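File shown: input02.cif. Contents: mmCIF, C-alpha atoms.
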```cif
data_input
loop_
_atom_site.group_PDB
_atom_site.id
_atom_site.type_symbol
_atom_site.label_atom_id
_atom_site.label_comp_id
_atom_site.auth_asym_id
_atom_site.auth_seq_id
_atom_site.Cartn_x
_atom_site.Cartn_y
_atom_site.Cartn_z
ATOM 1 C CA MET A 43 11.406 -8.466 -4.188
ATOM 2 C CA SER A 44 10.068 -11.465 -2.268
ATOM 3 C CA GLU A 45 10.242 -14.992 -3.686
ATOM 4 C CA THR A 46 6.469 -14.971 -4.202
ATOM 5 C CA GLN A 47 6.710 -11.706 -6.140
ATOM 6 C CA LYS A 48 9.561 -13.123 -8.254
ATOM 7 C CA ILE A 49 7.604 -16.280 -8.962
ATOM 8 C CA THR A 50 4.484 -14.291 -9.802
ATOM 9 C CA ALA A 51 6.464 -12.014 -12.125
ATOM 10 C CA LEU A 52 8.009 -15.050 -13.818
ATOM 11 C CA PHE A 53 4.598 -16.553 -14.441
ATOM 12 C CA PHE A 54 3.706 -13.650 -16.690
ATOM 13 C CA LEU A 55 6.752 -14.223 -18.903
ATOM 14 C CA LEU A 56 6.358 -16.160 -22.103
ATOM 15 C CA PRO A 57 8.615 -19.233 -22.477
ATOM 16 C CA SER A 58 10.639 -17.352 -25.108
ATOM 17 C CA GLU A 59 11.391 -14.685 -22.497
ATOM 18 C CA PHE A 60 13.252 -17.094 -20.218
ATOM 19 C CA ASN A 61 16.506 -15.847 -21.649
ATOM 20 C CA ASP A 62 18.590 -16.045 -18.510
ATOM 21 C CA ALA A 63 19.541 -19.104 -16.540
ATOM 22 C CA LYS A 64 18.475 -17.684 -13.165
ATOM 23 C CA SER A 65 14.851 -17.055 -14.254
ATOM 24 C CA TYR A 66 14.651 -20.511 -15.781
ATOM 25 C CA GLU A 67 16.178 -22.031 -12.649
ATOM 26 C CA ILE A 68 13.575 -20.337 -10.428
ATOM 27 C CA LEU A 69 10.799 -21.610 -12.674
ATOM 28 C CA LEU A 70 12.167 -25.157 -12.457
ATOM 29 C CA ILE A 71 12.413 -24.895 -8.655
ATOM 30 C CA CYS A 72 8.773 -23.776 -8.575
ATOM 31 C CA GLN A 73 7.707 -26.683 -10.722
ATOM 32 C CA THR A 74 9.807 -29.087 -8.663
ATOM 33 C CA LYS A 75 8.213 -27.861 -5.456
ATOM 34 C CA CYS A 76 4.777 -28.143 -7.073
ATOM 35 C CA VAL A 77 4.020 -24.450 -6.647
ATOM 36 C CA ASN A 78 0.683 -23.793 -8.237
ATOM 37 C CA LEU A 79 1.562 -21.049 -10.686
ATOM 38 C CA GLN A 80 -2.074 -20.659 -11.688
ATOM 39 C CA ALA A 81 -2.900 -19.838 -8.075
ATOM 40 C CA LEU A 82 -0.101 -17.266 -7.974
ATOM 41 C CA LYS A 83 -1.391 -15.671 -11.162
ATOM 42 C CA TYR A 84 -4.902 -15.624 -9.693
ATOM 43 C CA PHE A 85 -3.587 -14.054 -6.470
ATOM 44 C CA ALA A 86 -1.782 -11.295 -8.376
ATOM 45 C CA MET A 87 -4.808 -10.607 -10.546
ATOM 46 C CA GLU A 88 -7.152 -10.790 -7.590
ATOM 47 C CA LYS A 89 -5.307 -7.998 -5.778
ATOM 48 C CA GLU A 90 -5.483 -5.687 -8.768
ATOM 49 C CA GLU A 91 -9.130 -6.585 -9.383
ATOM 50 C CA LYS A 92 -9.931 -5.869 -5.715
ATOM 51 C CA TYR A 93 -8.367 -2.439 -6.028
ATOM 52 C CA LYS A 94 -10.278 -1.662 -9.244
ATOM 53 C CA LEU A 95 -13.575 -2.547 -7.581
ATOM 54 C CA LEU A 96 -12.577 -0.752 -4.383
ATOM 55 C CA LYS A 97 -11.835 2.462 -6.288
ATOM 56 C CA GLN A 98 -15.244 2.298 -7.973
ATOM 57 C CA GLN A 99 -16.910 1.664 -4.613
ATOM 58 C CA ILE A 100 -15.108 4.608 -3.014
ATOM 59 C CA GLU A 101 -15.953 6.934 -5.912
ATOM 60 C CA ALA A 102 -19.646 6.078 -5.502
ATOM 61 C CA LEU A 103 -19.423 6.320 -1.714
ATOM 62 C CA VAL A 104 -17.950 9.833 -1.643
ATOM 63 C CA ALA A 105 -19.672 11.322 -4.710
ATOM 64 C CA GLY A 106 -21.069 14.733 -3.810
ATOM 65 C CA GLU A 107 -19.584 14.718 -0.296
ATOM 66 C CA ASP A 108 -17.443 17.750 0.528
ATOM 67 C CA ASP A 109 -16.533 17.071 4.163
ATOM 68 C CA SER A 110 -12.972 15.730 3.996
ATOM 69 C CA VAL A 111 -13.037 14.112 7.458
ATOM 70 C CA SER A 112 -16.214 12.174 6.616
ATOM 71 C CA VAL A 113 -14.708 11.114 3.303
ATOM 72 C CA MET A 114 -11.449 10.004 4.976
ATOM 73 C CA ALA A 115 -13.443 8.027 7.547
ATOM 74 C CA ASN A 116 -15.323 6.078 4.899
ATOM 75 C CA VAL A 117 -12.273 5.664 2.651
ATOM 76 C CA SER A 118 -10.187 4.232 5.504
ATOM 77 C CA ALA A 119 -13.055 1.892 6.468
ATOM 78 C CA ALA A 120 -13.557 0.715 2.875
ATOM 79 C CA ILE A 121 -9.839 0.028 2.309
ATOM 80 C CA HIS A 122 -9.457 -1.662 5.682
ATOM 81 C CA GLN A 123 -12.500 -3.888 5.229
ATOM 82 C CA GLU A 124 -11.828 -4.868 1.615
ATOM 83 C CA MET A 125 -8.059 -5.384 1.800
ATOM 84 C CA GLY A 126 -7.786 -6.704 5.373
ATOM 85 C CA PHE A 127 -4.798 -4.606 6.433
ATOM 86 C CA PHE A 128 -3.657 -4.336 10.071
ATOM 87 C CA TRP A 129 -4.060 -0.537 10.311
ATOM 88 C CA THR A 130 -5.520 1.896 7.786
ATOM 89 C CA GLY A 131 -5.902 5.604 8.382
ATOM 90 C CA PHE A 132 -5.082 9.210 7.732
ATOM 91 C CA TYR A 133 -2.844 11.797 9.300
ATOM 92 C CA ILE A 134 -3.780 15.400 8.549
ATOM 93 C CA VAL A 135 -1.266 18.246 8.188
ATOM 94 C CA LYS A 136 -1.700 20.861 10.925
ATOM 95 C CA GLY A 137 1.158 23.339 11.116
ATOM 96 C CA GLU A 138 4.440 21.435 11.381
ATOM 97 C CA GLU A 139 2.845 18.165 12.476
ATOM 98 C CA LEU A 140 0.648 15.412 11.186
ATOM 99 C CA HIS A 141 -2.375 14.883 13.442
ATOM 100 C CA LEU A 142 -4.198 11.586 13.684
ATOM 101 C CA GLY A 143 -7.316 11.569 11.540
ATOM 102 C CA PRO A 144 -9.941 8.930 10.754
ATOM 103 C CA PHE A 145 -8.611 5.374 10.942
ATOM 104 C CA GLN A 146 -9.407 1.692 11.359
ATOM 105 C CA GLY A 147 -7.314 -0.470 13.673
ATOM 106 C CA SER A 148 -5.598 -0.284 17.039
ATOM 107 C CA VAL A 149 -4.741 2.956 18.849
ATOM 108 C CA ALA A 150 -2.123 5.067 17.085
ATOM 109 C CA CYS A 151 0.321 7.914 17.490
ATOM 110 C CA MET A 152 -1.511 11.230 17.804
ATOM 111 C CA HIS A 153 1.167 13.583 16.410
ATOM 112 C CA ILE A 154 4.009 13.038 13.947
ATOM 113 C CA PRO A 155 6.550 15.821 13.271
ATOM 114 C CA PHE A 156 7.473 16.882 9.727
ATOM 115 C CA GLY A 157 10.103 14.518 8.314
ATOM 116 C CA ARG A 158 9.848 11.950 11.152
ATOM 117 C CA GLY A 159 8.964 8.308 10.612
ATOM 118 C CA VAL A 160 7.488 6.968 7.396
ATOM 119 C CA CYS A 161 4.484 9.323 7.481
ATOM 120 C CA GLY A 162 6.589 12.424 8.124
ATOM 121 C CA ALA A 163 9.068 11.383 5.430
ATOM 122 C CA ALA A 164 6.279 10.877 2.855
ATOM 123 C CA TRP A 165 4.989 14.355 3.738
ATOM 124 C CA GLN A 166 8.475 15.880 3.478
ATOM 125 C CA ARG A 167 9.292 14.144 0.167
ATOM 126 C CA ALA A 168 5.746 14.600 -1.199
ATOM 127 C CA GLU A 169 5.829 11.045 -2.529
ATOM 128 C CA THR A 170 4.580 7.570 -1.705
ATOM 129 C CA ILE A 171 6.911 5.498 0.432
ATOM 130 C CA VAL A 172 6.767 1.692 0.505
ATOM 131 C CA VAL A 173 8.615 0.067 3.415
ATOM 132 C CA PRO A 174 9.065 -3.729 3.150
ATOM 133 C CA ASP A 175 10.413 -3.978 6.733
ATOM 134 C CA VAL A 176 9.698 -1.101 9.125
ATOM 135 C CA GLU A 177 12.605 -2.102 11.362
ATOM 136 C CA GLN A 178 14.954 -1.201 8.503
ATOM 137 C CA PHE A 179 13.491 2.307 8.002
ATOM 138 C CA PRO A 180 15.666 4.936 9.747
ATOM 139 C CA GLY A 181 13.642 6.810 12.361
ATOM 140 C CA HIS A 182 10.574 4.570 12.102
ATOM 141 C CA ILE A 183 7.971 5.487 14.712
ATOM 142 C CA ALA A 184 6.548 2.299 16.203
ATOM 143 C CA CYS A 185 2.926 3.022 17.112
ATOM 144 C CA SER A 186 2.477 -0.755 17.314
ATOM 145 C CA SER A 187 5.120 -3.452 17.605
ATOM 146 C CA LEU A 188 2.851 -5.664 15.459
ATOM 147 C CA SER A 189 3.397 -3.541 12.348
ATOM 148 C CA ARG A 190 5.983 -5.122 10.030
ATOM 149 C CA SER A 191 5.584 -3.330 6.665
ATOM 150 C CA GLU A 192 4.001 -0.046 5.641
ATOM 151 C CA ILE A 193 2.910 2.170 2.770
ATOM 152 C CA VAL A 194 2.261 5.905 3.091
ATOM 153 C CA VAL A 195 0.569 7.866 0.291
ATOM 154 C CA PRO A 196 0.382 11.683 0.366
ATOM 155 C CA LEU A 197 -2.815 13.588 -0.460
ATOM 156 C CA PHE A 198 -2.352 16.875 -2.321
ATOM 157 C CA ASN A 199 -4.457 20.001 -2.635
ATOM 158 C CA THR A 200 -4.858 21.823 -5.955
ATOM 159 C CA SER A 201 -1.564 23.688 -5.296
ATOM 160 C CA ARG A 202 0.271 20.315 -4.992
ATOM 161 C CA GLU A 203 0.842 20.821 -1.254
ATOM 162 C CA VAL A 204 0.545 17.759 0.970
ATOM 163 C CA VAL A 205 -2.550 18.143 3.152
ATOM 164 C CA ALA A 206 -2.694 14.622 4.616
ATOM 165 C CA VAL A 207 -1.223 11.146 4.240
ATOM 166 C CA LEU A 208 -2.858 7.746 3.984
ATOM 167 C CA ASP A 209 -0.946 5.324 6.215
ATOM 168 C CA ILE A 210 -1.427 1.562 5.936
ATOM 169 C CA ASP A 211 0.372 -1.034 8.036
ATOM 170 C CA SER A 212 0.602 -4.805 7.717
ATOM 171 C CA ARG A 213 1.564 -7.495 10.200
ATOM 172 C CA GLU A 214 3.542 -9.220 7.437
ATOM 173 C CA LEU A 215 6.864 -8.251 5.855
ATOM 174 C CA ASN A 216 6.902 -7.205 2.175
ATOM 175 C CA THR A 217 3.142 -6.729 1.941
ATOM 176 C CA PHE A 218 3.112 -3.699 -0.328
ATOM 177 C CA ASP A 219 4.282 -3.416 -3.923
ATOM 178 C CA ASP A 220 3.753 -1.335 -7.058
ATOM 179 C CA ILE A 221 0.172 -2.584 -7.397
ATOM 180 C CA ASP A 222 -0.649 -1.154 -3.955
ATOM 181 C CA ARG A 223 1.250 2.051 -4.740
ATOM 182 C CA TYR A 224 -0.566 2.608 -8.038
ATOM 183 C CA TRP A 225 -4.092 1.912 -6.799
ATOM 184 C CA LEU A 226 -3.761 3.717 -3.465
ATOM 185 C CA GLU A 227 -2.434 6.779 -5.303
ATOM 186 C CA GLN A 228 -5.512 6.564 -7.552
ATOM 187 C CA ILE A 229 -7.830 6.187 -4.564
ATOM 188 C CA VAL A 230 -6.479 9.205 -2.646
ATOM 189 C CA GLN A 231 -7.103 11.394 -5.690
ATOM 190 C CA VAL A 232 -10.817 10.783 -5.105
ATOM 191 C CA ILE A 233 -10.580 12.630 -1.774
ATOM 192 C CA LYS A 234 -11.240 16.353 -2.134
#
```

Step by step, read the file and then write its structure as structure tokens.
Amino acid sequence: MSETQKITALFFLLPSEFNDAKSYEILLICQTKCVNLQALKYFAMEKEEKYKLLKQQIEALVAGEDDSVSVMANVSAAIHQEMGFFWTGFYIVKGEELHLGPFQGSVACMHIPFGRGVCGAAWQRAETIVVPDVEQFPGHIACSSLSRSEIVVPLFNTSREVVAVLDIDSRELNTFDDIDRYWLEQIVQVIK
């Protein structure tokens, strides 16, 4: 957990919950350094609020649309535009590989084998993977040296088989957290 995340989490504690010296010490350091805790609270709430509105926008955008590629194209564009990530896109399962699908951002890897890199691992595990530092992920596939952190969310069919993954990269370390995980998992469920 980054210092900002720790500070933000501490802000939501009531004074009576500062029951350990370390939490209280961090709070005092924040106050000493004049960290604007209201701004941190606003930032944390803003991210969640953005995702809530984004999900509503995407639901309206794709309502009645049954072409999955068209839906993925608009979903990746909406996420990319609203959240300002470095790279946002989909890889679609075809045989034993993920094939590049609709995306927003710089050029990307065209094929990713099952189990390879963050996308292949998310497919293999059938679960969301959050990577705070891509250089620390074993077997990371570097489509761009500018990518520093990543989140990959699998899309499932009605049989709970992974049919695609949503891949999002950031130029910053530690960009993604449980808020991103929760809301992106909600958003991909909109895709049929």

Subject >> Evaluate the PyMOL selection byres ((chain A and resi 186) around 9) and report residues as a ChimeraX atom specification >> reply: /A:148-151,183-185,187-189

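Among the candidates A:Met152, A:Trp129, A:Trp225, A:Thr170, the one nearest to Arg190 of chain A when counting only C-alpha atoms is A:Trp129.
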
Subject >> Output check: residues returned by the PyMOL selection byres ((chain A and resi 159) around 7), as a list of chain:residue names >> reply: A:Gly157, A:Arg158, A:Val160, A:Cys161, A:Gly162, A:Ala163, A:Gly181, A:His182, A:Ile183

Original post:
In file coordinates, which residues lie within 12 Å of (-18.4, 4.4, -3.8) using all atoms listed in the file, given as a ChimeraX atom specification?
Top reply: /A:94-107,113,116-117,119-121,229,232-233

Original post:
For this file, the PyMOL selection byres ((chain A and resi 171-180) around 7) selects which residues, as a ChimeraX atom specification?
Top reply: /A:164,169-170,181-182,190-195,215-218
